[in-house]
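See structure below.
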Amino acid sequence: MPVPPGRRERKKAATRQKIADTALRLFLERGYDAVGIRDVAAEADVAVTTLFSHFASKEALVFEQDEDFEQRLTQAVTGRAPHEPLIPALRREIQALVRHCMVDSAAPIWRMVDESPALREYEESMRLRHAESLATAIAADLDLSQTTTACRTIARFVIDAHSLAREAADPEAAVNEIFRMIEAAWEVASPSQRA
């Protein structure tokens, strides 16, 4: 059973959330490019150094759940039941993440990301990092015995499934369609198919 966070950790988490919420509100009200780090820090009533102790960059303020997203994906691999197939576990997680990103309140945020070259570039680097973490988790699972290339390829497909589904008219149908292709690719890459 996990130990509940202490007072200090709760306070840090509350400060982080306050900064992220303030930044997002300002970005949506004024436009991403019109808001600076100092504006966010002043509005959140924190020092700029405090802001940077929680977020490495202005772009990171928009993607404040980045680490949670990455952990959820790797947990879908490492936390699945013994003998549970990999691809269905990843499909469930991607479906949950897509549902989370498709709530009505997320639409203005995705428009902002789509309109900003800096945010699109940050999102792309974040996706590559997530794919590498996911590939590492898949490769570390001794029951899967796949090549590094297969693990990296499937991880990229899974990460791309999230983006493609988010842009689709019917995100859930898109996830299902994409994962049928991922499942087929995984089967082709399985050691029994390579023999």
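Residues are named by chain letter and number: chains run A, B, ... in the order of the structure tokens, numbers start at 1 in each chain, and ligands are numbered from 1 in the order shown.
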Neighbour list for range 74-87 of chain A as a list in words, cut-off 7 Å, only C-alpha atoms, skip fewer than 5 positions in-chain: Glu93, Ser133, Leu134, Ala137, Ile138 and Glu183 of chain A
Preceding selection exported with N, CA, C and O atoms as a PDB file, in the first residue's frame:
```pdb
ATOM      1  N   GLU A  93      -4.826   1.577 -22.187  1.00  0.00           N
ATOM      2  CA  GLU A  93      -4.225   2.812 -21.658  1.00  0.00           C
ATOM      3  C   GLU A  93      -4.351   3.955 -22.658  1.00  0.00           C
ATOM      4  O   GLU A  93      -4.684   5.076 -22.291  1.00  0.00           O
ATOM      5  N   SER A 133      10.933   5.566 -23.661  1.00  0.00           N
ATOM      6  CA  SER A 133      10.626   4.987 -22.339  1.00  0.00           C
ATOM      7  C   SER A 133       9.768   3.742 -22.481  1.00  0.00           C
ATOM      8  O   SER A 133       9.994   2.735 -21.806  1.00  0.00           O
ATOM      9  N   LEU A 134       8.780   3.833 -23.355  1.00  0.00           N
ATOM     10  CA  LEU A 134       7.898   2.690 -23.583  1.00  0.00           C
ATOM     11  C   LEU A 134       8.680   1.527 -24.195  1.00  0.00           C
ATOM     12  O   LEU A 134       8.530   0.372 -23.778  1.00  0.00           O
ATOM     13  N   ALA A 137      10.660  -0.195 -21.547  1.00  0.00           N
ATOM     14  CA  ALA A 137       9.814  -1.038 -20.689  1.00  0.00           C
ATOM     15  C   ALA A 137       9.451  -2.340 -21.401  1.00  0.00           C
ATOM     16  O   ALA A 137       9.468  -3.411 -20.789  1.00  0.00           O
ATOM     17  N   ILE A 138       9.135  -2.261 -22.689  1.00  0.00           N
ATOM     18  CA  ILE A 138       8.795  -3.465 -23.454  1.00  0.00           C
ATOM     19  C   ILE A 138      10.010  -4.388 -23.548  1.00  0.00           C
ATOM     20  O   ILE A 138       9.911  -5.595 -23.320  1.00  0.00           O
ATOM     21  N   GLU A 183      -1.344  -4.709 -33.467  1.00  0.00           N
ATOM     22  CA  GLU A 183      -1.390  -6.136 -33.096  1.00  0.00           C
ATOM     23  C   GLU A 183      -0.807  -6.996 -34.216  1.00  0.00           C
ATOM     24  O   GLU A 183      -0.012  -7.922 -33.970  1.00  0.00           O
TER      25      GLU A 183
END
```
Residue contacts of range 41-46 of chain A (9 Å, only C-alpha atoms) excluding same-chain residues fewer than 2 positions away, as a PyMOL selection string: chain A and resi 15+18-23+26+36-39+48-51
Now that the selection is made, can you save its residues with C-alpha atoms as an mmCIF file, in the first residue's frame?
```
data_model
loop_
_atom_site.group_PDB
_atom_site.id
_atom_site.type_symbol
_atom_site.label_atom_id
_atom_site.label_comp_id
_atom_site.auth_asym_id
_atom_site.auth_seq_id
_atom_site.Cartn_x
_atom_site.Cartn_y
_atom_site.Cartn_z
ATOM 1 C CA THR A 15 2.343 24.892 -5.928
ATOM 2 C CA LYS A 18 -1.238 26.369 -9.146
ATOM 3 C CA ILE A 19 1.557 27.412 -11.530
ATOM 4 C CA ALA A 20 0.291 25.091 -14.287
ATOM 5 C CA ASP A 21 -3.333 26.226 -13.896
ATOM 6 C CA THR A 22 -2.300 29.881 -13.900
ATOM 7 C CA ALA A 23 -0.127 29.456 -16.983
ATOM 8 C CA LEU A 26 -3.101 33.105 -19.122
ATOM 9 C CA GLY A 36 6.072 35.313 -20.626
ATOM 10 C CA ILE A 37 7.468 33.261 -17.769
ATOM 11 C CA ARG A 38 7.580 36.352 -15.546
ATOM 12 C CA ASP A 39 3.873 36.944 -16.240
ATOM 13 C CA VAL A 48 10.604 32.765 -11.353
ATOM 14 C CA THR A 49 13.124 30.381 -9.756
ATOM 15 C CA THR A 50 10.234 28.535 -8.078
ATOM 16 C CA LEU A 51 8.495 28.224 -11.430
#
```
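Going from CA of Cys101 in chain A to CA of Ala56 in chain A covers 22.5 Å.
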Expected answer as a PyMOL selection string: helix (DSSP H, G or I) residues in range 37-119 of chain A: chain A and resi 37-44+48-54+58-62+66-78+86-101+104-115+117-119
Distance table requested - range 87-144 of chain A against range 174-180 of chain A, cut-off 12 Å, only C-alpha atoms: one row per qualifying residue with the closest atom pair and its distance in Å to one decimal, ordered by chain and rising residue number, as CSV.
```
residue,atom,partner,partner_atom,distance
A:Ile87,CA,A:Phe179,CA,7.6
A:Pro88,CA,A:Phe179,CA,8.3
A:Ala89,CA,A:Phe179,CA,10.8
A:Leu90,CA,A:Phe179,CA,8.9
A:Arg91,CA,A:Phe179,CA,6.6
A:Arg92,CA,A:Val175,CA,9.4
A:Glu93,CA,A:Val175,CA,10.6
A:Ile94,CA,A:Val175,CA,7.6
A:Gln95,CA,A:Val175,CA,6.6
A:Ala96,CA,A:Val175,CA,10.4
A:Leu97,CA,A:Val175,CA,10.8
A:Val98,CA,A:Val175,CA,8.5
A:Arg99,CA,A:Val175,CA,10.6
```
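Distances from A:Leu73, A:Met181, A:Ala118, A:Ala161 to Glu132 in chain A were compared using only C-alpha atoms, and the smallest one belongs to A:Leu73.
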Separation of CA of Leu28 in chain A from CA of Val103 in chain A, in Å and rounded to one decimal: 16.1 Å
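Distance annotation: of A:Ser145, A:Val40, A:Ala135, A:Glu172, the residue with the minimal separation from Ala189 in chain A is A:Ser145; atom set is only C-alpha atoms.
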Pro117 in chain A environment, 12 Å, only C-alpha atoms, sequence neighbours closer than 6 positions dropped, as a VMD selection string: chain A and resid 32 to 33 59 111 123 to 124
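Residue nearest Arg156 in chain A, chosen from A:Lys12, A:Gly6, A:Thr136, A:Ala168 and counting only C-alpha atoms: A:Thr136.
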